[in-house]
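For reference, start-v2.cif (mmCIF, C-alpha atoms (C1' of nucleotides)):
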data_upload
loop_
_atom_site.label_atom_id
_atom_site.label_comp_id
_atom_site.auth_asym_id
_atom_site.auth_seq_id
_atom_site.Cartn_x
_atom_site.Cartn_y
_atom_site.Cartn_z
CA MET A 27 -14.41 -116.26 -54.83
CA SER A 28 -11.84 -117.24 -52.27
CA SER A 29 -10.46 -115.70 -49.11
CA ASP A 30 -6.80 -114.94 -48.58
CA SER A 31 -6.52 -117.82 -46.13
CA ASN A 32 -8.08 -120.20 -48.64
CA PRO A 33 -6.66 -119.19 -52.01
CA ALA A 34 -7.73 -120.74 -55.27
CA ARG A 35 -5.57 -123.63 -56.32
CA TYR A 36 -4.17 -124.29 -59.76
CA TRP A 37 -4.39 -127.53 -61.66
CA LEU A 38 -3.03 -128.93 -64.89
CA LEU A 39 -5.15 -131.12 -67.12
CA LYS A 40 -3.52 -133.05 -69.94
CA SER A 41 -5.34 -133.72 -73.15
CA GLU A 42 -4.24 -135.08 -76.48
CA PRO A 43 -5.18 -132.39 -78.97
CA ASP A 44 -6.20 -134.99 -81.54
CA VAL A 45 -8.82 -136.16 -79.05
CA PHE A 46 -9.87 -132.95 -77.30
CA SER A 47 -8.01 -129.68 -77.79
CA ILE A 48 -8.22 -126.22 -76.30
CA ASP A 49 -10.07 -125.20 -79.46
CA ASP A 50 -12.61 -127.94 -78.80
CA LEU A 51 -13.11 -126.57 -75.29
CA LYS A 52 -13.40 -123.03 -76.63
CA ARG A 53 -16.08 -124.16 -79.05
CA LYS A 54 -18.02 -126.14 -76.42
CA GLN A 55 -17.32 -123.66 -73.57
CA ARG A 56 -17.93 -126.35 -70.94
CA GLU A 57 -17.05 -130.03 -70.80
CA GLY A 58 -17.29 -132.91 -68.36
CA TRP A 59 -13.70 -134.06 -67.81
CA ASP A 60 -14.38 -137.78 -68.07
CA GLY A 61 -12.22 -140.83 -68.61
CA VAL A 62 -9.68 -140.30 -65.82
CA ARG A 63 -8.72 -143.78 -64.64
CA ASN A 64 -5.82 -143.22 -62.30
CA TYR A 65 -6.42 -143.12 -58.56
CA GLN A 66 -4.15 -140.23 -57.76
CA ALA A 67 -5.70 -138.14 -60.52
CA ARG A 68 -9.14 -139.28 -59.40
CA ASN A 69 -8.45 -138.09 -55.87
CA SER A 70 -7.52 -134.65 -57.16
CA LEU A 71 -10.69 -134.49 -59.22
CA ARG A 72 -12.99 -135.83 -56.55
CA ASP A 73 -11.55 -134.46 -53.33
CA GLU A 74 -9.19 -131.57 -53.86
CA MET A 75 -10.53 -129.34 -56.61
CA ARG A 76 -12.93 -126.57 -55.78
CA PRO A 77 -15.24 -124.69 -58.10
CA GLY A 78 -13.39 -121.59 -59.29
CA ASP A 79 -9.93 -123.13 -59.24
CA LEU A 80 -7.95 -122.31 -62.36
CA VAL A 81 -6.90 -125.02 -64.78
CA ILE A 82 -3.88 -124.94 -67.07
CA PHE A 83 -4.90 -126.80 -70.22
CA TYR A 84 -1.97 -128.87 -71.54
CA HIS A 85 -1.57 -130.60 -74.88
CA SER A 86 0.27 -133.93 -74.59
CA SER A 87 1.38 -136.65 -77.00
CA CYS A 88 1.74 -134.24 -79.87
CA ALA A 89 4.40 -132.44 -81.87
CA GLN A 90 4.64 -129.53 -79.43
CA PRO A 91 3.66 -130.51 -75.88
CA ALA A 92 2.65 -127.24 -74.21
CA ALA A 93 0.38 -125.35 -71.86
CA VAL A 94 -2.09 -123.87 -74.34
CA GLY A 95 -4.84 -122.20 -72.36
CA LEU A 96 -6.78 -121.56 -69.22
CA ALA A 97 -9.99 -123.05 -67.90
CA ARG A 98 -11.85 -123.10 -64.64
CA VAL A 99 -13.28 -125.82 -62.41
CA ASP A 100 -17.01 -125.31 -62.84
CA SER A 101 -18.76 -127.93 -60.72
CA GLU A 102 -18.56 -130.14 -57.69
CA ALA A 103 -17.43 -133.73 -58.28
CA GLN A 104 -19.88 -135.88 -60.21
CA PRO A 105 -19.74 -139.62 -60.94
CA ASP A 106 -18.19 -140.17 -64.38
CA PRO A 107 -21.08 -141.72 -66.35
CA THR A 108 -18.73 -143.45 -68.81
CA GLN A 109 -17.76 -145.96 -66.12
CA PHE A 110 -21.29 -147.41 -66.23
CA ASP A 111 -21.54 -147.56 -70.03
CA PRO A 112 -20.57 -150.98 -71.42
CA ALA A 113 -20.08 -149.40 -74.84
CA SER A 114 -17.54 -146.87 -73.54
CA ASP A 115 -13.79 -147.31 -73.67
CA TYR A 116 -13.88 -146.13 -70.08
CA HIS A 117 -16.38 -148.73 -68.88
CA ASP A 118 -15.48 -150.17 -65.47
CA PRO A 119 -17.52 -153.28 -64.63
CA LYS A 120 -16.20 -153.20 -61.06
CA SER A 121 -17.79 -149.84 -60.36
CA SER A 122 -21.40 -149.32 -59.35
CA PRO A 123 -23.74 -146.30 -59.17
CA GLU A 124 -24.08 -146.97 -55.42
CA ASP A 125 -20.32 -146.60 -54.96
CA PRO A 126 -18.81 -144.89 -57.99
CA ARG A 127 -15.12 -145.36 -58.42
CA TRP A 128 -14.47 -142.60 -61.00
CA TRP A 129 -15.43 -138.96 -60.85
CA LEU A 130 -15.31 -135.90 -63.04
CA ARG A 131 -15.62 -132.14 -62.92
CA GLN A 132 -17.21 -129.78 -65.35
CA ILE A 133 -14.51 -127.56 -66.86
CA ALA A 134 -15.29 -124.13 -68.29
CA TYR A 135 -13.25 -122.39 -70.97
CA VAL A 136 -11.48 -119.19 -69.95
CA HIS A 137 -8.72 -118.32 -72.40
CA ARG A 138 -6.63 -119.70 -75.21
CA PHE A 139 -2.98 -118.63 -74.96
CA GLU A 140 -1.73 -116.65 -77.92
CA GLN A 141 1.72 -117.86 -76.93
CA PRO A 142 1.70 -121.48 -75.74
CA VAL A 143 4.26 -122.27 -73.06
CA THR A 144 6.06 -125.34 -74.30
CA LEU A 145 7.33 -128.18 -72.18
CA GLN A 146 10.72 -127.50 -73.69
CA ALA A 147 10.59 -123.93 -72.37
CA MET A 148 9.46 -125.03 -68.92
CA LYS A 149 12.32 -127.51 -68.72
CA GLN A 150 14.68 -124.59 -69.18
CA TRP A 151 13.45 -122.86 -66.05
CA GLU A 152 16.29 -122.39 -63.63
CA ASP A 153 14.07 -123.97 -60.95
CA ASP A 154 11.39 -126.64 -61.41
CA LEU A 155 9.27 -124.90 -58.71
CA ASP A 156 8.12 -128.32 -57.45
CA PHE A 157 5.94 -128.66 -60.52
CA PRO A 158 5.09 -132.36 -61.01
CA LEU A 159 4.97 -131.97 -64.81
CA LEU A 160 8.71 -131.37 -64.79
CA ARG A 161 9.52 -134.40 -62.72
CA ARG A 162 11.13 -137.33 -64.46
CA GLY A 163 8.70 -140.02 -65.56
CA ASN A 164 5.61 -138.12 -64.60
CA ARG A 165 2.45 -139.54 -66.16
CA LEU A 166 -0.33 -137.92 -64.18
CA SER A 167 -3.08 -136.44 -66.34
CA VAL A 168 -4.47 -134.34 -63.49
CA MET A 169 -2.01 -132.63 -61.18
CA PRO A 170 -1.70 -129.67 -58.86
CA VAL A 171 0.34 -126.72 -60.09
CA PRO A 172 2.27 -124.79 -57.45
CA ALA A 173 1.24 -121.13 -57.48
CA ALA A 174 4.72 -120.01 -58.49
CA ALA A 175 4.68 -122.32 -61.52
CA ALA A 176 1.18 -121.18 -62.47
CA ARG A 177 2.22 -117.54 -62.29
CA ARG A 178 5.28 -118.25 -64.39
CA ILE A 179 3.23 -120.02 -67.07
CA LEU A 180 0.63 -117.26 -67.21
CA ARG A 181 3.31 -114.61 -67.39
CA ASP A 182 5.21 -116.44 -70.13
CA ALA A 183 1.94 -116.89 -72.01
CA GLY A 184 1.69 -113.12 -72.13
CA LEU A 185 -1.17 -112.69 -69.68
CA LYS A 186 -1.36 -109.83 -67.25
CA PRO A 187 -2.55 -110.46 -63.69
CA ASP A 188 -5.97 -108.91 -64.21
CA GLN A 189 -6.54 -111.25 -67.12
CA TRP A 190 -6.59 -114.33 -64.96
CA MET A 191 -7.42 -113.36 -61.39
CA SER A 192 -10.97 -114.26 -60.48
CA SER A 193 -13.19 -111.33 -59.69
"C1'" DG B 16 8.44 -146.36 -83.56
"C1'" DC B 17 11.33 -146.58 -79.42
"C1'" DC B 18 11.66 -146.95 -74.78
"C1'" DA B 19 11.89 -145.25 -69.85
"C1'" DA B 20 8.90 -144.83 -66.23
"C1'" DC B 21 5.19 -146.01 -63.79
"C1'" DG B 22 0.62 -148.29 -62.37
"C1'" DT B 23 -1.99 -152.46 -62.15
"C1'" DT B 24 -2.76 -157.31 -61.98
"C1'" DG B 25 -2.52 -161.74 -60.27
"C1'" DG B 26 0.03 -165.97 -58.87
"C1'" DC B 27 2.15 -167.51 -54.98
"C1'" DG C 9 2.40 -158.86 -49.01
"C1'" DC C 10 5.84 -159.70 -52.61
"C1'" DC C 11 7.08 -159.12 -57.15
"C1'" DA C 12 7.25 -160.47 -62.11
"C1'" DA C 13 4.62 -159.66 -66.04
"C1'" DC C 14 2.07 -156.75 -68.50
"C1'" DG C 15 -0.17 -152.47 -70.20
"C1'" DT C 16 -0.09 -147.52 -70.67
"C1'" DT C 17 1.78 -142.92 -70.94
"C1'" DG C 18 4.13 -139.60 -73.30
"C1'" DG C 19 8.48 -137.38 -74.72
"C1'" DC C 20 11.61 -137.87 -78.19
#

Encoded form (structure tokens):
Amino acid sequence: MSSDSNPARYWLLKSEPDVFSIDDLKRKQREGWDGVRNYQARNSLRDEMRPGDLVIFYHSSCAQPAAVGLARVDSEAQPDPTQFDPASDYHDPKSSPEDPRWWLRQIAYVHRFEQPVTLQAMKQWEDDLDFPLLRRGNRLSVMPVPAAAARRILRDAGLKPDQWMSS
DNA sequence: GCCAACGTTGGC
DNA sequence: GCCAACGTTGGC
């Protein structure tokens, strides 16, 4: 729940569907979003997200890059345990449990779009709405989504307002 | 598979 | 602190 003066924010999380898709999240219902190893994305995860914020789930590096569903931030920041695991691809020997470098959030499934909103379609918007995804060369895997862009995506995905507003 | 864009690393 | 080299991302 959020007050008018402190509205929920919107985020976009990229995932390669061959690795972890919206259907995987739907099946598991909740997932620790681990493996983020970029400082800007880390700062969003650790410092800026709040439980209850909505997440646009985006499929990248695939035949049809697109926003494919909705999720919700479902925890405070937690140290990403993969950074301490020498067997993990995400192991970071320079990090320590006393001063973790990488953080994650639990993400809860909300909805799988019946109509994905493709990157191609978003690029045809008459205005990029200051959406970082549409900026040239963008590589962030965790990014804020301006409210106007989030509304546009949800509308184009065929959702009505009462299907996504938190209650 | 190509390659533009960007982040990180490390020598100096 | 600069910056060239290198690695990664991700659309195409």

Legend entry - Selection: 12 Å around B:DT24, all atoms listed in the file, excl. self and same-chain fewer than 4 positions, as a ChimeraX atom specification: /C:11-15

Emit the selected residues as a PDB file, in the frame of the given file, including C-alpha atoms (C1' of nucleotides).
ATOM      1  C1'  DC C  11       7.080-159.120 -57.150  1.00  0.00           C
ATOM      2  C1'  DA C  12       7.250-160.470 -62.110  1.00  0.00           C
ATOM      3  C1'  DA C  13       4.620-159.660 -66.040  1.00  0.00           C
ATOM      4  C1'  DC C  14       2.070-156.750 -68.500  1.00  0.00           C
ATOM      5  C1'  DG C  15      -0.170-152.470 -70.200  1.00  0.00           C
TER       6       DG C  15
END

Inset, instruction - Name every residue that the PyMOL selection byres ((chain A) within 12 of (chain B)) selects in this structure, writing the answer as a PyMOL selection string with chains first and numbers rising. - result: chain A and resi 63-66+161-166

Legend entry - Straight-line distance linking atom CA of A:Gln132 with atom CA of A:Lys40, stated in Å to one decimal: 14.8 Å

Legend entry - Gap from atom CA of A:Ala113 to atom CA of A:Asp125 - Å, one decimal: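 Between atom CA of A:Ala113 and atom CA of A:Asp125 the gap is 20.1 Å.
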
Inset, instruction - Just say which residues the PyMOL selection byres ((chain A and resi 89-102) around 7) picks in this file, as a list in words. - result: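 Checked against the file, the PyMOL selection byres ((chain A and resi 89-102) around 7) matches Ile48, Arg76, Pro77, Gly78, Asp79, Leu80, Val81, Ile82, Phe83, Tyr84, His85, Ser86, Ser87, Cys88, Ala103, Gln104, Arg131, Gln132, Ile133, Ala134, Tyr135, Val136, His137, Arg138, Phe139, Pro142, Val143, Thr144 and Leu145 of chain A.
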
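Atom CA of A:Leu130 sits 7.7 Å away from atom CA of A:Val62.
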
Using the chain letters and numbers from this file, what does the PyMOL selection byres ((chain A and resi 122) around 12) select? Give the answer as a tab-separated table (two decimals) with C-alpha atoms, keeping the file's coordinate frame.
chain	number	residue	atom	x	y	z
A	105	PRO	CA	-19.74	-139.62	-60.94
A	106	ASP	CA	-18.19	-140.17	-64.38
A	107	PRO	CA	-21.08	-141.72	-66.35
A	108	THR	CA	-18.73	-143.45	-68.81
A	109	GLN	CA	-17.76	-145.96	-66.12
A	110	PHE	CA	-21.29	-147.41	-66.23
A	111	ASP	CA	-21.54	-147.56	-70.03
A	117	HIS	CA	-16.38	-148.73	-68.88
A	118	ASP	CA	-15.48	-150.17	-65.47
A	119	PRO	CA	-17.52	-153.28	-64.63
A	120	LYS	CA	-16.20	-153.20	-61.06
A	121	SER	CA	-17.79	-149.84	-60.36
A	123	PRO	CA	-23.74	-146.30	-59.17
A	124	GLU	CA	-24.08	-146.97	-55.42
A	125	ASP	CA	-20.32	-146.60	-54.96
A	126	PRO	CA	-18.81	-144.89	-57.99
A	127	ARG	CA	-15.12	-145.36	-58.42
A	128	TRP	CA	-14.47	-142.60	-61.00

Can you take the partial stretch 176-187 of chain A, add all heavy atoms, and return it as a PDB file, in the coordinates of the input?
ATOM      1  N   ALA A 176       2.334-121.711 -61.737  1.00  0.00           N
ATOM      2  CA  ALA A 176       1.180-121.180 -62.470  1.00  0.00           C
ATOM      3  C   ALA A 176       1.419-119.734 -62.884  1.00  0.00           C
ATOM      4  O   ALA A 176       1.151-119.342 -64.022  1.00  0.00           O
ATOM      5  CB  ALA A 176      -0.080-121.290 -61.610  1.00  0.00           C
ATOM      6  N   ARG A 177       1.942-118.943 -61.964  1.00  0.00           N
ATOM      7  CA  ARG A 177       2.220-117.540 -62.290  1.00  0.00           C
ATOM      8  C   ARG A 177       3.238-117.425 -63.414  1.00  0.00           C
ATOM      9  O   ARG A 177       3.103-116.592 -64.314  1.00  0.00           O
ATOM     10  CB  ARG A 177       2.738-116.802 -61.046  1.00  0.00           C
ATOM     11  CG  ARG A 177       1.646-116.447 -60.040  1.00  0.00           C
ATOM     12  CD  ARG A 177       2.162-115.455 -58.991  1.00  0.00           C
ATOM     13  NE  ARG A 177       3.272-115.995 -58.223  1.00  0.00           N
ATOM     14  CZ  ARG A 177       3.148-116.667 -57.077  1.00  0.00           C
ATOM     15  NH1 ARG A 177       1.945-116.861 -56.559  1.00  0.00           N
ATOM     16  NH2 ARG A 177       4.196-117.119 -56.446  1.00  0.00           N
ATOM     17  N   ARG A 178       4.243-118.288 -63.358  1.00  0.00           N
ATOM     18  CA  ARG A 178       5.280-118.250 -64.390  1.00  0.00           C
ATOM     19  C   ARG A 178       4.683-118.600 -65.766  1.00  0.00           C
ATOM     20  O   ARG A 178       4.988-117.955 -66.773  1.00  0.00           O
ATOM     21  CB  ARG A 178       6.391-119.223 -64.015  1.00  0.00           C
ATOM     22  CG  ARG A 178       7.481-119.376 -65.059  1.00  0.00           C
ATOM     23  CD  ARG A 178       8.374-118.154 -65.081  1.00  0.00           C
ATOM     24  NE  ARG A 178       9.325-118.219 -66.181  1.00  0.00           N
ATOM     25  CZ  ARG A 178      10.602-118.620 -66.046  1.00  0.00           C
ATOM     26  NH1 ARG A 178      11.072-118.961 -64.864  1.00  0.00           N
ATOM     27  NH2 ARG A 178      11.397-118.651 -67.084  1.00  0.00           N
ATOM     28  N   ILE A 179       3.859-119.617 -65.796  1.00  0.00           N
ATOM     29  CA  ILE A 179       3.230-120.020 -67.070  1.00  0.00           C
ATOM     30  C   ILE A 179       2.364-118.889 -67.609  1.00  0.00           C
ATOM     31  O   ILE A 179       2.442-118.527 -68.788  1.00  0.00           O
ATOM     32  CB  ILE A 179       2.395-121.299 -66.874  1.00  0.00           C
ATOM     33  CG1 ILE A 179       3.317-122.505 -66.637  1.00  0.00           C
ATOM     34  CG2 ILE A 179       1.487-121.545 -68.081  1.00  0.00           C
ATOM     35  CD1 ILE A 179       2.587-123.746 -66.157  1.00  0.00           C
ATOM     36  N   LEU A 180       1.546-118.305 -66.746  1.00  0.00           N
ATOM     37  CA  LEU A 180       0.630-117.260 -67.210  1.00  0.00           C
ATOM     38  C   LEU A 180       1.413-116.030 -67.676  1.00  0.00           C
ATOM     39  O   LEU A 180       1.062-115.408 -68.684  1.00  0.00           O
ATOM     40  CB  LEU A 180      -0.348-116.897 -66.088  1.00  0.00           C
ATOM     41  CG  LEU A 180      -1.263-118.067 -65.698  1.00  0.00           C
ATOM     42  CD1 LEU A 180      -2.076-117.733 -64.455  1.00  0.00           C
ATOM     43  CD2 LEU A 180      -2.192-118.455 -66.839  1.00  0.00           C
ATOM     44  N   ARG A 181       2.474-115.727 -66.975  1.00  0.00           N
ATOM     45  CA  ARG A 181       3.310-114.610 -67.390  1.00  0.00           C
ATOM     46  C   ARG A 181       3.958-114.889 -68.753  1.00  0.00           C
ATOM     47  O   ARG A 181       3.930-114.068 -69.669  1.00  0.00           O
ATOM     48  CB  ARG A 181       4.408-114.362 -66.351  1.00  0.00           C
ATOM     49  CG  ARG A 181       5.188-113.077 -66.578  1.00  0.00           C
ATOM     50  CD  ARG A 181       6.471-113.059 -65.760  1.00  0.00           C
ATOM     51  NE  ARG A 181       7.507-113.890 -66.365  1.00  0.00           N
ATOM     52  CZ  ARG A 181       8.633-114.242 -65.771  1.00  0.00           C
ATOM     53  NH1 ARG A 181       8.877-113.868 -64.537  1.00  0.00           N
ATOM     54  NH2 ARG A 181       9.524-114.998 -66.404  1.00  0.00           N
ATOM     55  N   ASP A 182       4.525-116.093 -68.881  1.00  0.00           N
ATOM     56  CA  ASP A 182       5.210-116.440 -70.130  1.00  0.00           C
ATOM     57  C   ASP A 182       4.234-116.571 -71.298  1.00  0.00           C
ATOM     58  O   ASP A 182       4.623-116.471 -72.460  1.00  0.00           O
ATOM     59  CB  ASP A 182       6.004-117.736 -69.962  1.00  0.00           C
ATOM     60  CG  ASP A 182       7.200-117.551 -69.038  1.00  0.00           C
ATOM     61  OD1 ASP A 182       7.448-116.405 -68.600  1.00  0.00           O
ATOM     62  OD2 ASP A 182       7.884-118.550 -68.736  1.00  0.00           O
ATOM     63  N   ALA A 183       2.960-116.824 -70.962  1.00  0.00           N
ATOM     64  CA  ALA A 183       1.940-116.890 -72.010  1.00  0.00           C
ATOM     65  C   ALA A 183       1.484-115.500 -72.439  1.00  0.00           C
ATOM     66  O   ALA A 183       0.664-115.370 -73.345  1.00  0.00           O
ATOM     67  CB  ALA A 183       0.741-117.705 -71.531  1.00  0.00           C
ATOM     68  N   GLY A 184       1.999-114.497 -71.752  1.00  0.00           N
ATOM     69  CA  GLY A 184       1.690-113.120 -72.130  1.00  0.00           C
ATOM     70  C   GLY A 184       0.471-112.543 -71.442  1.00  0.00           C
ATOM     71  O   GLY A 184      -0.016-111.482 -71.838  1.00  0.00           O
ATOM     72  N   LEU A 185      -0.012-113.209 -70.408  1.00  0.00           N
ATOM     73  CA  LEU A 185      -1.170-112.690 -69.680  1.00  0.00           C
ATOM     74  C   LEU A 185      -0.745-111.727 -68.593  1.00  0.00           C
ATOM     75  O   LEU A 185       0.298-111.907 -67.957  1.00  0.00           O
ATOM     76  CB  LEU A 185      -1.966-113.840 -69.057  1.00  0.00           C
ATOM     77  CG  LEU A 185      -3.017-114.486 -69.951  1.00  0.00           C
ATOM     78  CD1 LEU A 185      -2.327-115.271 -71.061  1.00  0.00           C
ATOM     79  CD2 LEU A 185      -3.909-115.404 -69.140  1.00  0.00           C
ATOM     80  N   LYS A 186      -1.555-110.731 -68.369  1.00  0.00           N
ATOM     81  CA  LYS A 186      -1.360-109.830 -67.250  1.00  0.00           C
ATOM     82  C   LYS A 186      -2.215-110.316 -66.088  1.00  0.00           C
ATOM     83  O   LYS A 186      -3.207-110.999 -66.284  1.00  0.00           O
ATOM     84  CB  LYS A 186      -1.759-108.404 -67.635  1.00  0.00           C
ATOM     85  CG  LYS A 186      -0.882-107.826 -68.734  1.00  0.00           C
ATOM     86  CD  LYS A 186      -1.435-106.499 -69.208  1.00  0.00           C
ATOM     87  CE  LYS A 186      -0.596-105.978 -70.375  1.00  0.00           C
ATOM     88  NZ  LYS A 186      -1.181-104.780 -70.987  1.00  0.00           N
ATOM     89  N   PRO A 187      -1.840-109.924 -64.854  1.00  0.00           N
ATOM     90  CA  PRO A 187      -2.550-110.460 -63.690  1.00  0.00           C
ATOM     91  C   PRO A 187      -4.068-110.279 -63.772  1.00  0.00           C
ATOM     92  O   PRO A 187      -4.812-111.195 -63.443  1.00  0.00           O
ATOM     93  CB  PRO A 187      -1.948-109.670 -62.532  1.00  0.00           C
ATOM     94  CG  PRO A 187      -0.566-109.363 -62.989  1.00  0.00           C
ATOM     95  CD  PRO A 187      -0.680-109.116 -64.474  1.00  0.00           C
TER      96      PRO A 187
END
